[in-house]
>>> print(open('data-v7.cif').read())   # mmCIF, N, CA and C atoms
data_query
loop_
_atom_site.label_atom_id
_atom_site.label_comp_id
_atom_site.auth_asym_id
_atom_site.auth_seq_id
_atom_site.Cartn_x
_atom_site.Cartn_y
_atom_site.Cartn_z
N MET A 1 -83.69 -24.19 9.72
CA MET A 1 -82.42 -24.76 10.00
C MET A 1 -82.57 -26.27 10.00
N VAL A 2 -81.48 -26.93 9.63
CA VAL A 2 -81.53 -28.39 9.56
C VAL A 2 -80.35 -28.98 10.33
N GLY A 3 -80.60 -30.13 10.91
CA GLY A 3 -79.55 -30.85 11.61
C GLY A 3 -78.70 -31.67 10.66
N TYR A 4 -77.72 -32.30 11.23
CA TYR A 4 -76.72 -33.09 10.51
C TYR A 4 -77.33 -34.20 9.66
N GLU A 5 -78.53 -34.64 9.99
CA GLU A 5 -79.16 -35.76 9.28
C GLU A 5 -79.68 -35.38 7.90
N ASN A 6 -79.71 -34.11 7.61
CA ASN A 6 -80.36 -33.69 6.36
C ASN A 6 -79.61 -34.14 5.12
N GLY A 7 -80.33 -34.15 4.01
CA GLY A 7 -79.71 -34.41 2.72
C GLY A 7 -79.15 -33.11 2.17
N GLY A 8 -78.16 -33.22 1.32
CA GLY A 8 -77.53 -32.01 0.79
C GLY A 8 -76.46 -31.51 1.73
N ALA A 9 -76.33 -30.20 1.85
CA ALA A 9 -75.26 -29.60 2.66
C ALA A 9 -75.52 -29.83 4.15
N THR A 10 -74.61 -30.52 4.81
CA THR A 10 -74.79 -30.81 6.24
C THR A 10 -74.08 -29.82 7.14
N GLY A 11 -73.26 -28.96 6.57
CA GLY A 11 -72.51 -28.02 7.39
C GLY A 11 -71.29 -28.69 8.01
N THR A 12 -70.64 -28.00 8.89
CA THR A 12 -69.41 -28.53 9.49
C THR A 12 -69.54 -28.81 10.98
N LEU A 13 -70.67 -28.51 11.57
CA LEU A 13 -70.81 -28.66 13.01
C LEU A 13 -71.22 -30.06 13.45
N ASP A 14 -71.82 -30.84 12.56
CA ASP A 14 -72.26 -32.20 12.89
C ASP A 14 -73.18 -32.23 14.12
N ILE A 15 -74.11 -31.30 14.18
CA ILE A 15 -75.08 -31.24 15.28
C ILE A 15 -76.41 -31.76 14.77
N GLY A 16 -76.98 -32.74 15.47
CA GLY A 16 -78.22 -33.36 15.06
C GLY A 16 -79.44 -32.48 15.26
N THR A 17 -80.49 -32.81 14.55
CA THR A 17 -81.74 -32.07 14.61
C THR A 17 -82.31 -32.02 16.02
N LEU A 18 -82.24 -33.13 16.75
CA LEU A 18 -82.81 -33.17 18.10
C LEU A 18 -82.12 -32.20 19.05
N VAL A 19 -80.89 -31.89 18.81
CA VAL A 19 -80.15 -30.93 19.63
C VAL A 19 -80.32 -29.52 19.09
N LEU A 20 -80.24 -29.37 17.78
CA LEU A 20 -80.20 -28.06 17.16
C LEU A 20 -81.54 -27.32 17.20
N VAL A 21 -82.63 -27.99 16.92
CA VAL A 21 -83.93 -27.30 16.86
C VAL A 21 -84.28 -26.62 18.18
N PRO A 22 -84.25 -27.31 19.33
CA PRO A 22 -84.63 -26.60 20.54
C PRO A 22 -83.65 -25.48 20.92
N ARG A 23 -82.38 -25.67 20.63
CA ARG A 23 -81.39 -24.63 20.94
C ARG A 23 -81.65 -23.38 20.12
N VAL A 24 -81.89 -23.54 18.83
CA VAL A 24 -82.16 -22.40 17.96
C VAL A 24 -83.50 -21.77 18.31
N ALA A 25 -84.52 -22.59 18.57
CA ALA A 25 -85.85 -22.06 18.89
C ALA A 25 -85.83 -21.21 20.16
N GLU A 26 -85.04 -21.61 21.14
CA GLU A 26 -85.00 -20.82 22.38
C GLU A 26 -84.08 -19.60 22.24
N ALA A 27 -83.13 -19.65 21.33
CA ALA A 27 -82.19 -18.54 21.16
C ALA A 27 -82.73 -17.41 20.29
N LEU A 28 -83.67 -17.73 19.42
CA LEU A 28 -84.19 -16.72 18.49
C LEU A 28 -85.58 -16.27 18.88
N ASP A 29 -85.87 -15.05 18.55
CA ASP A 29 -87.21 -14.52 18.76
C ASP A 29 -87.93 -14.44 17.41
N LEU A 30 -87.71 -15.49 16.61
CA LEU A 30 -88.28 -15.60 15.26
C LEU A 30 -88.86 -17.00 15.09
N PRO A 31 -89.79 -17.17 14.17
CA PRO A 31 -90.26 -18.53 13.88
C PRO A 31 -89.12 -19.38 13.33
N VAL A 32 -89.03 -20.60 13.78
CA VAL A 32 -87.99 -21.53 13.33
C VAL A 32 -88.65 -22.62 12.50
N ILE A 33 -88.06 -22.90 11.34
CA ILE A 33 -88.46 -24.03 10.52
C ILE A 33 -87.33 -25.03 10.62
N GLY A 34 -87.61 -26.22 11.12
CA GLY A 34 -86.56 -27.20 11.37
C GLY A 34 -86.72 -28.44 10.52
N GLY A 35 -85.63 -29.16 10.38
CA GLY A 35 -85.66 -30.40 9.62
C GLY A 35 -84.35 -31.14 9.73
N GLY A 36 -84.24 -32.15 8.90
CA GLY A 36 -83.07 -33.01 8.90
C GLY A 36 -83.47 -34.41 9.31
N GLY A 37 -83.63 -35.28 8.33
CA GLY A 37 -84.02 -36.65 8.63
C GLY A 37 -85.52 -36.84 8.79
N VAL A 38 -86.32 -35.86 8.44
CA VAL A 38 -87.78 -35.94 8.59
C VAL A 38 -88.36 -36.56 7.32
N SER A 39 -89.05 -37.70 7.49
CA SER A 39 -89.60 -38.38 6.32
C SER A 39 -91.05 -38.82 6.48
N ASP A 40 -91.63 -38.59 7.65
CA ASP A 40 -93.02 -38.98 7.86
C ASP A 40 -93.64 -38.14 8.97
N GLY A 41 -94.87 -38.46 9.30
CA GLY A 41 -95.59 -37.71 10.33
C GLY A 41 -94.94 -37.75 11.70
N HIS A 42 -94.28 -38.85 12.02
CA HIS A 42 -93.59 -38.94 13.31
C HIS A 42 -92.50 -37.87 13.41
N GLY A 43 -91.73 -37.73 12.33
CA GLY A 43 -90.66 -36.73 12.30
C GLY A 43 -91.21 -35.31 12.36
N VAL A 44 -92.31 -35.07 11.64
CA VAL A 44 -92.96 -33.75 11.66
C VAL A 44 -93.36 -33.42 13.09
N LEU A 45 -94.03 -34.35 13.76
CA LEU A 45 -94.47 -34.13 15.13
C LEU A 45 -93.28 -33.89 16.06
N ALA A 46 -92.22 -34.65 15.87
CA ALA A 46 -91.03 -34.50 16.72
C ALA A 46 -90.42 -33.11 16.57
N VAL A 47 -90.25 -32.64 15.34
CA VAL A 47 -89.64 -31.32 15.12
C VAL A 47 -90.53 -30.22 15.69
N LEU A 48 -91.84 -30.34 15.53
CA LEU A 48 -92.75 -29.36 16.12
C LEU A 48 -92.68 -29.40 17.65
N ALA A 49 -92.60 -30.61 18.22
CA ALA A 49 -92.49 -30.75 19.67
C ALA A 49 -91.19 -30.17 20.21
N LEU A 50 -90.16 -30.12 19.38
CA LEU A 50 -88.87 -29.55 19.79
C LEU A 50 -88.87 -28.03 19.77
N GLY A 51 -89.94 -27.43 19.27
CA GLY A 51 -90.06 -25.98 19.31
C GLY A 51 -90.11 -25.28 17.96
N ALA A 52 -89.99 -26.02 16.87
CA ALA A 52 -90.09 -25.39 15.55
C ALA A 52 -91.55 -25.06 15.25
N GLU A 53 -91.75 -24.07 14.40
CA GLU A 53 -93.10 -23.71 13.99
C GLU A 53 -93.44 -24.24 12.61
N GLY A 54 -92.45 -24.80 11.95
CA GLY A 54 -92.64 -25.41 10.64
C GLY A 54 -91.59 -26.49 10.44
N VAL A 55 -91.78 -27.30 9.42
CA VAL A 55 -90.89 -28.45 9.20
C VAL A 55 -90.48 -28.52 7.73
N ILE A 56 -89.19 -28.79 7.50
CA ILE A 56 -88.66 -29.00 6.17
C ILE A 56 -88.66 -30.51 5.91
N ILE A 57 -89.26 -30.92 4.81
CA ILE A 57 -89.27 -32.34 4.43
C ILE A 57 -88.72 -32.40 3.00
N GLY A 58 -87.43 -32.32 2.86
CA GLY A 58 -86.80 -32.19 1.56
C GLY A 58 -86.86 -33.39 0.66
N THR A 59 -86.06 -34.40 0.93
CA THR A 59 -85.93 -35.54 0.03
C THR A 59 -87.26 -36.26 -0.16
N ARG A 60 -88.05 -36.34 0.87
CA ARG A 60 -89.35 -37.02 0.77
C ARG A 60 -90.21 -36.42 -0.33
N ILE A 61 -90.16 -35.11 -0.49
CA ILE A 61 -90.97 -34.42 -1.49
C ILE A 61 -90.52 -34.78 -2.91
N LEU A 62 -89.25 -35.14 -3.08
CA LEU A 62 -88.76 -35.52 -4.40
C LEU A 62 -89.47 -36.75 -4.97
N ALA A 63 -90.02 -37.57 -4.11
CA ALA A 63 -90.68 -38.81 -4.56
C ALA A 63 -92.15 -38.59 -4.94
N THR A 64 -92.63 -37.38 -4.83
CA THR A 64 -94.04 -37.13 -5.16
C THR A 64 -94.27 -37.12 -6.67
N LYS A 65 -95.51 -37.33 -7.04
CA LYS A 65 -95.91 -37.31 -8.45
C LYS A 65 -95.58 -35.96 -9.09
N GLU A 66 -95.70 -34.89 -8.31
CA GLU A 66 -95.52 -33.54 -8.84
C GLU A 66 -94.06 -33.13 -9.02
N ALA A 67 -93.14 -33.82 -8.39
CA ALA A 67 -91.74 -33.43 -8.48
C ALA A 67 -91.20 -33.65 -9.90
N PRO A 68 -90.54 -32.65 -10.46
CA PRO A 68 -90.09 -32.74 -11.85
C PRO A 68 -88.73 -33.44 -12.00
N ILE A 69 -88.61 -34.66 -11.45
CA ILE A 69 -87.39 -35.43 -11.61
C ILE A 69 -87.72 -36.78 -12.24
N HIS A 70 -86.72 -37.46 -12.76
CA HIS A 70 -86.93 -38.72 -13.47
C HIS A 70 -87.56 -39.78 -12.56
N GLU A 71 -88.47 -40.56 -13.12
CA GLU A 71 -89.18 -41.60 -12.36
C GLU A 71 -88.22 -42.61 -11.73
N LYS A 72 -87.14 -42.95 -12.42
CA LYS A 72 -86.19 -43.92 -11.86
C LYS A 72 -85.48 -43.37 -10.62
N LEU A 73 -85.23 -42.08 -10.60
CA LEU A 73 -84.64 -41.46 -9.41
C LEU A 73 -85.64 -41.50 -8.26
N LYS A 74 -86.90 -41.23 -8.54
CA LYS A 74 -87.93 -41.32 -7.52
C LYS A 74 -87.99 -42.73 -6.94
N GLN A 75 -87.96 -43.75 -7.81
CA GLN A 75 -87.99 -45.14 -7.35
C GLN A 75 -86.78 -45.46 -6.48
N ALA A 76 -85.61 -44.97 -6.88
CA ALA A 76 -84.39 -45.22 -6.10
C ALA A 76 -84.50 -44.58 -4.71
N LEU A 77 -85.07 -43.39 -4.63
CA LEU A 77 -85.23 -42.73 -3.34
C LEU A 77 -86.17 -43.51 -2.44
N VAL A 78 -87.28 -43.97 -3.00
CA VAL A 78 -88.28 -44.72 -2.22
C VAL A 78 -87.71 -46.05 -1.73
N GLN A 79 -86.91 -46.70 -2.56
CA GLN A 79 -86.35 -48.01 -2.21
C GLN A 79 -85.13 -47.93 -1.30
N ALA A 80 -84.54 -46.76 -1.17
CA ALA A 80 -83.33 -46.61 -0.35
C ALA A 80 -83.66 -46.73 1.14
N SER A 81 -82.67 -47.13 1.91
CA SER A 81 -82.82 -47.18 3.36
C SER A 81 -81.97 -46.08 3.99
N GLU A 82 -82.06 -45.96 5.28
CA GLU A 82 -81.26 -44.97 6.01
C GLU A 82 -79.77 -45.25 5.91
N MET A 83 -79.40 -46.43 5.43
CA MET A 83 -78.00 -46.79 5.28
C MET A 83 -77.45 -46.47 3.89
N ASP A 84 -78.27 -45.92 3.02
CA ASP A 84 -77.89 -45.69 1.63
C ASP A 84 -77.45 -44.26 1.33
N THR A 85 -76.94 -43.56 2.32
CA THR A 85 -76.40 -42.22 2.06
C THR A 85 -74.91 -42.24 2.39
N MET A 86 -74.21 -41.26 1.87
CA MET A 86 -72.80 -41.11 2.22
C MET A 86 -72.47 -39.62 2.27
N LEU A 87 -71.44 -39.31 3.03
CA LEU A 87 -70.98 -37.93 3.13
C LEU A 87 -69.82 -37.74 2.17
N ILE A 88 -69.87 -36.64 1.42
CA ILE A 88 -68.80 -36.34 0.46
C ILE A 88 -68.28 -34.93 0.72
N MET A 89 -67.14 -34.64 0.21
CA MET A 89 -66.50 -33.32 0.25
C MET A 89 -66.17 -32.83 1.66
N ARG A 90 -66.10 -33.76 2.62
CA ARG A 90 -65.79 -33.39 4.00
C ARG A 90 -64.41 -32.75 4.11
N SER A 91 -63.43 -33.29 3.37
CA SER A 91 -62.07 -32.76 3.44
C SER A 91 -61.98 -31.33 2.90
N LEU A 92 -62.98 -30.91 2.13
CA LEU A 92 -63.03 -29.55 1.59
C LEU A 92 -63.83 -28.61 2.50
N HIS A 93 -64.29 -29.11 3.63
CA HIS A 93 -65.14 -28.37 4.57
C HIS A 93 -66.42 -27.90 3.90
N ALA A 94 -66.94 -28.74 3.03
CA ALA A 94 -68.20 -28.47 2.31
C ALA A 94 -69.01 -29.77 2.28
N THR A 95 -69.16 -30.38 3.45
CA THR A 95 -69.78 -31.71 3.53
C THR A 95 -71.20 -31.71 3.00
N HIS A 96 -71.50 -32.72 2.19
CA HIS A 96 -72.83 -32.94 1.65
C HIS A 96 -73.22 -34.41 1.83
N ARG A 97 -74.48 -34.64 2.18
CA ARG A 97 -75.02 -35.99 2.25
C ARG A 97 -75.67 -36.28 0.91
N VAL A 98 -75.26 -37.37 0.27
CA VAL A 98 -75.82 -37.76 -1.02
C VAL A 98 -76.24 -39.22 -0.98
#
>>> encode(input="data-v7.cif", output="structure tokens")
Amino acid sequence: MVGYENGGATGTLDIGTLVLVPRVAEALDLPVIGGGGVSDGHGVLAVLALGAEGVIIGTRILATKEAPIHEKLKQALVQASEMDTMLIMRSLHATHRV
């Protein structure tokens, strides 16, 4: 599960990772994989500390040498800041962070 900070589909609840991961981890009797806004070791440690047993690191993986996307897109992702995303399709109740 991912919180509101994630890239791609954010859902309609607008609940952040810091709130969602521990709530889901305590509610389920299953392993939880959490994410949303995780881009380095600090984020990995935080999500694990919140009760997840695994971590999703989506956009960060796109910048790796092995990712099959155009090099210019990889450069744009690496150069972007936390202020370089926007939410789209909210009025359609299909919000995505791009």
>>> resolve_selection(input="data-v7.cif", expression="the PyMOL selection byres ((chain A and resi 2-18) around 5)", output="NGL selection string")
:A and (1 or 19-21 or 35-37 or 95-97)
>>> select_by_dssp(input="data-v7.cif", residues="region 56-96 of chain A", states="strand (DSSP E)", output="list of chain:residue names")
A:Ile56, A:Leu87, A:Ile88, A:His96
>>> resolve_selection(input="data-v7.cif", expression="the PyMOL selection byres (((chain A and resi 52 and name CA) around 9) and name CA)", output="list in words")
Val21, Pro22, Val24, Ala25, Pro31, Val32, Ile33, Gly34, Gly35, Val47, Leu48, Ala49, Leu50, Gly51, Glu53, Gly54 and Val55 of chain A
>>> residues_around(input="data-v7.cif", residues="Ile61 (chain A)", least_positions_apart="6", cutoff="8 Å", atoms="all atoms listed in the file", output="PyMOL selection string")
chain A and resi 39+67-68
>>> select_by_dssp(input="data-v7.cif", residues="chain A", states="alpha helix (DSSP H)", output="PDB file with N, CA and C atoms, in the coordinates of the input")
ATOM      1  N   THR A  17     -80.490 -32.810  14.550  1.00  0.00           N
ATOM      2  CA  THR A  17     -81.740 -32.070  14.610  1.00  0.00           C
ATOM      3  C   THR A  17     -82.310 -32.020  16.020  1.00  0.00           C
ATOM      4  N   LEU A  18     -82.240 -33.130  16.750  1.00  0.00           N
ATOM      5  CA  LEU A  18     -82.810 -33.170  18.100  1.00  0.00           C
ATOM      6  C   LEU A  18     -82.120 -32.200  19.050  1.00  0.00           C
ATOM      7  N   VAL A  19     -80.890 -31.890  18.810  1.00  0.00           N
ATOM      8  CA  VAL A  19     -80.150 -30.930  19.630  1.00  0.00           C
ATOM      9  C   VAL A  19     -80.320 -29.520  19.090  1.00  0.00           C
ATOM     10  N   LEU A  20     -80.240 -29.370  17.780  1.00  0.00           N
ATOM     11  CA  LEU A  20     -80.200 -28.060  17.160  1.00  0.00           C
ATOM     12  C   LEU A  20     -81.540 -27.320  17.200  1.00  0.00           C
ATOM     13  N   VAL A  21     -82.630 -27.990  16.920  1.00  0.00           N
ATOM     14  CA  VAL A  21     -83.930 -27.300  16.860  1.00  0.00           C
ATOM     15  C   VAL A  21     -84.280 -26.620  18.180  1.00  0.00           C
ATOM     16  N   PRO A  22     -84.250 -27.310  19.330  1.00  0.00           N
ATOM     17  CA  PRO A  22     -84.630 -26.600  20.540  1.00  0.00           C
ATOM     18  C   PRO A  22     -83.650 -25.480  20.920  1.00  0.00           C
ATOM     19  N   ARG A  23     -82.380 -25.670  20.630  1.00  0.00           N
ATOM     20  CA  ARG A  23     -81.390 -24.630  20.940  1.00  0.00           C
ATOM     21  C   ARG A  23     -81.650 -23.380  20.120  1.00  0.00           C
ATOM     22  N   VAL A  24     -81.890 -23.540  18.830  1.00  0.00           N
ATOM     23  CA  VAL A  24     -82.160 -22.400  17.960  1.00  0.00           C
ATOM     24  C   VAL A  24     -83.500 -21.770  18.310  1.00  0.00           C
ATOM     25  N   ALA A  25     -84.520 -22.590  18.570  1.00  0.00           N
ATOM     26  CA  ALA A  25     -85.850 -22.060  18.890  1.00  0.00           C
ATOM     27  C   ALA A  25     -85.830 -21.210  20.160  1.00  0.00           C
ATOM     28  N   GLU A  26     -85.040 -21.610  21.140  1.00  0.00           N
ATOM     29  CA  GLU A  26     -85.000 -20.820  22.380  1.00  0.00           C
ATOM     30  C   GLU A  26     -84.080 -19.600  22.240  1.00  0.00           C
ATOM     31  N   ALA A  27     -83.130 -19.650  21.330  1.00  0.00           N
ATOM     32  CA  ALA A  27     -82.190 -18.540  21.160  1.00  0.00           C
ATOM     33  C   ALA A  27     -82.730 -17.410  20.290  1.00  0.00           C
ATOM     34  N   GLY A  41     -94.870 -38.460   9.300  1.00  0.00           N
ATOM     35  CA  GLY A  41     -95.590 -37.710  10.330  1.00  0.00           C
ATOM     36  C   GLY A  41     -94.940 -37.750  11.700  1.00  0.00           C
ATOM     37  N   HIS A  42     -94.280 -38.850  12.020  1.00  0.00           N
ATOM     38  CA  HIS A  42     -93.590 -38.940  13.310  1.00  0.00           C
ATOM     39  C   HIS A  42     -92.500 -37.870  13.410  1.00  0.00           C
ATOM     40  N   GLY A  43     -91.730 -37.730  12.330  1.00  0.00           N
ATOM     41  CA  GLY A  43     -90.660 -36.730  12.300  1.00  0.00           C
ATOM     42  C   GLY A  43     -91.210 -35.310  12.360  1.00  0.00           C
ATOM     43  N   VAL A  44     -92.310 -35.070  11.640  1.00  0.00           N
ATOM     44  CA  VAL A  44     -92.960 -33.750  11.660  1.00  0.00           C
ATOM     45  C   VAL A  44     -93.360 -33.420  13.090  1.00  0.00           C
ATOM     46  N   LEU A  45     -94.030 -34.350  13.760  1.00  0.00           N
ATOM     47  CA  LEU A  45     -94.470 -34.130  15.130  1.00  0.00           C
ATOM     48  C   LEU A  45     -93.280 -33.890  16.060  1.00  0.00           C
ATOM     49  N   ALA A  46     -92.220 -34.650  15.870  1.00  0.00           N
ATOM     50  CA  ALA A  46     -91.030 -34.500  16.720  1.00  0.00           C
ATOM     51  C   ALA A  46     -90.420 -33.110  16.570  1.00  0.00           C
ATOM     52  N   VAL A  47     -90.250 -32.640  15.340  1.00  0.00           N
ATOM     53  CA  VAL A  47     -89.640 -31.320  15.120  1.00  0.00           C
ATOM     54  C   VAL A  47     -90.530 -30.220  15.690  1.00  0.00           C
ATOM     55  N   LEU A  48     -91.840 -30.340  15.530  1.00  0.00           N
ATOM     56  CA  LEU A  48     -92.750 -29.360  16.120  1.00  0.00           C
ATOM     57  C   LEU A  48     -92.680 -29.400  17.650  1.00  0.00           C
ATOM     58  N   ALA A  49     -92.600 -30.610  18.220  1.00  0.00           N
ATOM     59  CA  ALA A  49     -92.490 -30.750  19.670  1.00  0.00           C
ATOM     60  C   ALA A  49     -91.190 -30.170  20.210  1.00  0.00           C
ATOM     61  N   GLY A  58     -87.430 -32.320   2.860  1.00  0.00           N
ATOM     62  CA  GLY A  58     -86.800 -32.190   1.560  1.00  0.00           C
ATOM     63  C   GLY A  58     -86.860 -33.390   0.660  1.00  0.00           C
ATOM     64  N   THR A  59     -86.060 -34.400   0.930  1.00  0.00           N
ATOM     65  CA  THR A  59     -85.930 -35.540   0.030  1.00  0.00           C
ATOM     66  C   THR A  59     -87.260 -36.260  -0.160  1.00  0.00           C
ATOM     67  N   ARG A  60     -88.050 -36.340   0.870  1.00  0.00           N
ATOM     68  CA  ARG A  60     -89.350 -37.020   0.770  1.00  0.00           C
ATOM     69  C   ARG A  60     -90.210 -36.420  -0.330  1.00  0.00           C
ATOM     70  N   ILE A  61     -90.160 -35.110  -0.490  1.00  0.00           N
ATOM     71  CA  ILE A  61     -90.970 -34.420  -1.490  1.00  0.00           C
ATOM     72  C   ILE A  61     -90.520 -34.780  -2.910  1.00  0.00           C
ATOM     73  N   LEU A  62     -89.250 -35.140  -3.080  1.00  0.00           N
ATOM     74  CA  LEU A  62     -88.760 -35.520  -4.400  1.00  0.00           C
ATOM     75  C   LEU A  62     -89.470 -36.750  -4.970  1.00  0.00           C
ATOM     76  N   GLU A  71     -88.470 -40.560 -13.120  1.00  0.00           N
ATOM     77  CA  GLU A  71     -89.180 -41.600 -12.360  1.00  0.00           C
ATOM     78  C   GLU A  71     -88.220 -42.610 -11.730  1.00  0.00           C
ATOM     79  N   LYS A  72     -87.140 -42.950 -12.420  1.00  0.00           N
ATOM     80  CA  LYS A  72     -86.190 -43.920 -11.860  1.00  0.00           C
ATOM     81  C   LYS A  72     -85.480 -43.370 -10.620  1.00  0.00           C
ATOM     82  N   LEU A  73     -85.230 -42.080 -10.600  1.00  0.00           N
ATOM     83  CA  LEU A  73     -84.640 -41.460  -9.410  1.00  0.00           C
ATOM     84  C   LEU A  73     -85.640 -41.500  -8.260  1.00  0.00           C
ATOM     85  N   LYS A  74     -86.900 -41.230  -8.540  1.00  0.00           N
ATOM     86  CA  LYS A  74     -87.930 -41.320  -7.520  1.00  0.00           C
ATOM     87  C   LYS A  74     -87.990 -42.730  -6.940  1.00  0.00           C
ATOM     88  N   GLN A  75     -87.960 -43.750  -7.810  1.00  0.00           N
ATOM     89  CA  GLN A  75     -87.990 -45.140  -7.350  1.00  0.00           C
ATOM     90  C   GLN A  75     -86.780 -45.460  -6.480  1.00  0.00           C
ATOM     91  N   ALA A  76     -85.610 -44.970  -6.880  1.00  0.00           N
ATOM     92  CA  ALA A  76     -84.390 -45.220  -6.100  1.00  0.00           C
ATOM     93  C   ALA A  76     -84.500 -44.580  -4.710  1.00  0.00           C
ATOM     94  N   LEU A  77     -85.070 -43.390  -4.630  1.00  0.00           N
ATOM     95  CA  LEU A  77     -85.230 -42.730  -3.340  1.00  0.00           C
ATOM     96  C   LEU A  77     -86.170 -43.510  -2.440  1.00  0.00           C
ATOM     97  N   VAL A  78     -87.280 -43.970  -3.000  1.00  0.00           N
ATOM     98  CA  VAL A  78     -88.280 -44.720  -2.220  1.00  0.00           C
ATOM     99  C   VAL A  78     -87.710 -46.050  -1.730  1.00  0.00           C
ATOM    100  N   GLN A  79     -86.910 -46.700  -2.560  1.00  0.00           N
ATOM    101  CA  GLN A  79     -86.350 -48.010  -2.210  1.00  0.00           C
ATOM    102  C   GLN A  79     -85.130 -47.930  -1.300  1.00  0.00           C
TER     103      GLN A  79
END
>>> axis_aligned_box(input="data-v7.cif", around="region 53-61 of chain A", padding_each_side="6 Å", output="AutoDock Vina command-line options")
--center_x -89.7 --center_y -30.4 --center_z 5.7 --size_x 19.5 --size_y 25.3 --size_z 29.3
>>> resolve_selection(input="data-v7.cif", expression="the PyMOL selection byres ((chain A and resi 60) around 8)", output="PDB file with N, CA and C atoms, in the frame of the given file")
ATOM      1  N   VAL A  38     -86.320 -35.860   8.440  1.00  0.00           N
ATOM      2  CA  VAL A  38     -87.780 -35.940   8.590  1.00  0.00           C
ATOM      3  C   VAL A  38     -88.360 -36.560   7.320  1.00  0.00           C
ATOM      4  N   SER A  39     -89.050 -37.700   7.490  1.00  0.00           N
ATOM      5  CA  SER A  39     -89.600 -38.380   6.320  1.00  0.00           C
ATOM      6  C   SER A  39     -91.050 -38.820   6.480  1.00  0.00           C
ATOM      7  N   ASP A  40     -91.630 -38.590   7.650  1.00  0.00           N
ATOM      8  CA  ASP A  40     -93.020 -38.980   7.860  1.00  0.00           C
ATOM      9  C   ASP A  40     -93.640 -38.140   8.970  1.00  0.00           C
ATOM     10  N   ILE A  56     -89.190 -28.790   7.500  1.00  0.00           N
ATOM     11  CA  ILE A  56     -88.660 -29.000   6.170  1.00  0.00           C
ATOM     12  C   ILE A  56     -88.660 -30.510   5.910  1.00  0.00           C
ATOM     13  N   ILE A  57     -89.260 -30.920   4.810  1.00  0.00           N
ATOM     14  CA  ILE A  57     -89.270 -32.340   4.430  1.00  0.00           C
ATOM     15  C   ILE A  57     -88.720 -32.400   3.000  1.00  0.00           C
ATOM     16  N   GLY A  58     -87.430 -32.320   2.860  1.00  0.00           N
ATOM     17  CA  GLY A  58     -86.800 -32.190   1.560  1.00  0.00           C
ATOM     18  C   GLY A  58     -86.860 -33.390   0.660  1.00  0.00           C
ATOM     19  N   THR A  59     -86.060 -34.400   0.930  1.00  0.00           N
ATOM     20  CA  THR A  59     -85.930 -35.540   0.030  1.00  0.00           C
ATOM     21  C   THR A  59     -87.260 -36.260  -0.160  1.00  0.00           C
ATOM     22  N   ILE A  61     -90.160 -35.110  -0.490  1.00  0.00           N
ATOM     23  CA  ILE A  61     -90.970 -34.420  -1.490  1.00  0.00           C
ATOM     24  C   ILE A  61     -90.520 -34.780  -2.910  1.00  0.00           C
ATOM     25  N   LEU A  62     -89.250 -35.140  -3.080  1.00  0.00           N
ATOM     26  CA  LEU A  62     -88.760 -35.520  -4.400  1.00  0.00           C
ATOM     27  C   LEU A  62     -89.470 -36.750  -4.970  1.00  0.00           C
ATOM     28  N   ALA A  63     -90.020 -37.570  -4.110  1.00  0.00           N
ATOM     29  CA  ALA A  63     -90.680 -38.810  -4.560  1.00  0.00           C
ATOM     30  C   ALA A  63     -92.150 -38.590  -4.940  1.00  0.00           C
ATOM     31  N   THR A  64     -92.630 -37.380  -4.830  1.00  0.00           N
ATOM     32  CA  THR A  64     -94.040 -37.130  -5.160  1.00  0.00           C
ATOM     33  C   THR A  64     -94.270 -37.120  -6.670  1.00  0.00           C
ATOM     34  N   LEU A  77     -85.070 -43.390  -4.630  1.00  0.00           N
ATOM     35  CA  LEU A  77     -85.230 -42.730  -3.340  1.00  0.00           C
ATOM     36  C   LEU A  77     -86.170 -43.510  -2.440  1.00  0.00           C
TER      37      LEU A  77
END
>>> atom_distance(input="data-v7.cif", atom1="CA of Met86 (chain A)", atom2="CA of Leu45 (chain A)")
26.2 Å
>>> build_atoms(input="data-v7.cif", residues="region 79-85 of chain A", atoms="N, CA, C and O atoms", output="JSON list (two decimals), in the coordinates of the input")
[["chain", "number", "residue", "atom", "x", "y", "z"],
["A", 79, "GLN", "N", -86.91, -46.70, -2.56],
["A", 79, "GLN", "CA", -86.35, -48.01, -2.21],
["A", 79, "GLN", "C", -85.13, -47.93, -1.30],
["A", 79, "GLN", "O", -84.74, -48.93, -0.70],
["A", 80, "ALA", "N", -84.54, -46.76, -1.17],
["A", 80, "ALA", "CA", -83.33, -46.61, -0.35],
["A", 80, "ALA", "C", -83.66, -46.73, 1.14],
["A", 80, "ALA", "O", -84.78, -46.47, 1.57],
["A", 81, "SER", "N", -82.67, -47.13, 1.91],
["A", 81, "SER", "CA", -82.82, -47.18, 3.36],
["A", 81, "SER", "C", -81.97, -46.08, 3.99],
["A", 81, "SER", "O", -81.23, -45.37, 3.31],
["A", 82, "GLU", "N", -82.06, -45.96, 5.28],
["A", 82, "GLU", "CA", -81.26, -44.97, 6.01],
["A", 82, "GLU", "C", -79.77, -45.25, 5.91],
["A", 82, "GLU", "O", -78.94, -44.41, 6.21],
["A", 83, "MET", "N", -79.40, -46.43, 5.43],
["A", 83, "MET", "CA", -78.00, -46.79, 5.28],
["A", 83, "MET", "C", -77.45, -46.47, 3.89],
["A", 83, "MET", "O", -76.29, -46.72, 3.61],
["A", 84, "ASP", "N", -78.27, -45.92, 3.02],
["A", 84, "ASP", "CA", -77.89, -45.69, 1.63],
["A", 84, "ASP", "C", -77.45, -44.26, 1.33],
["A", 84, "ASP", "O", -77.58, -43.80, 0.20],
["A", 85, "THR", "N", -76.94, -43.56, 2.32],
["A", 85, "THR", "CA", -76.40, -42.22, 2.06],
["A", 85, "THR", "C", -74.91, -42.24, 2.39],
["A", 85, "THR", "O", -74.43, -43.12, 3.10]]
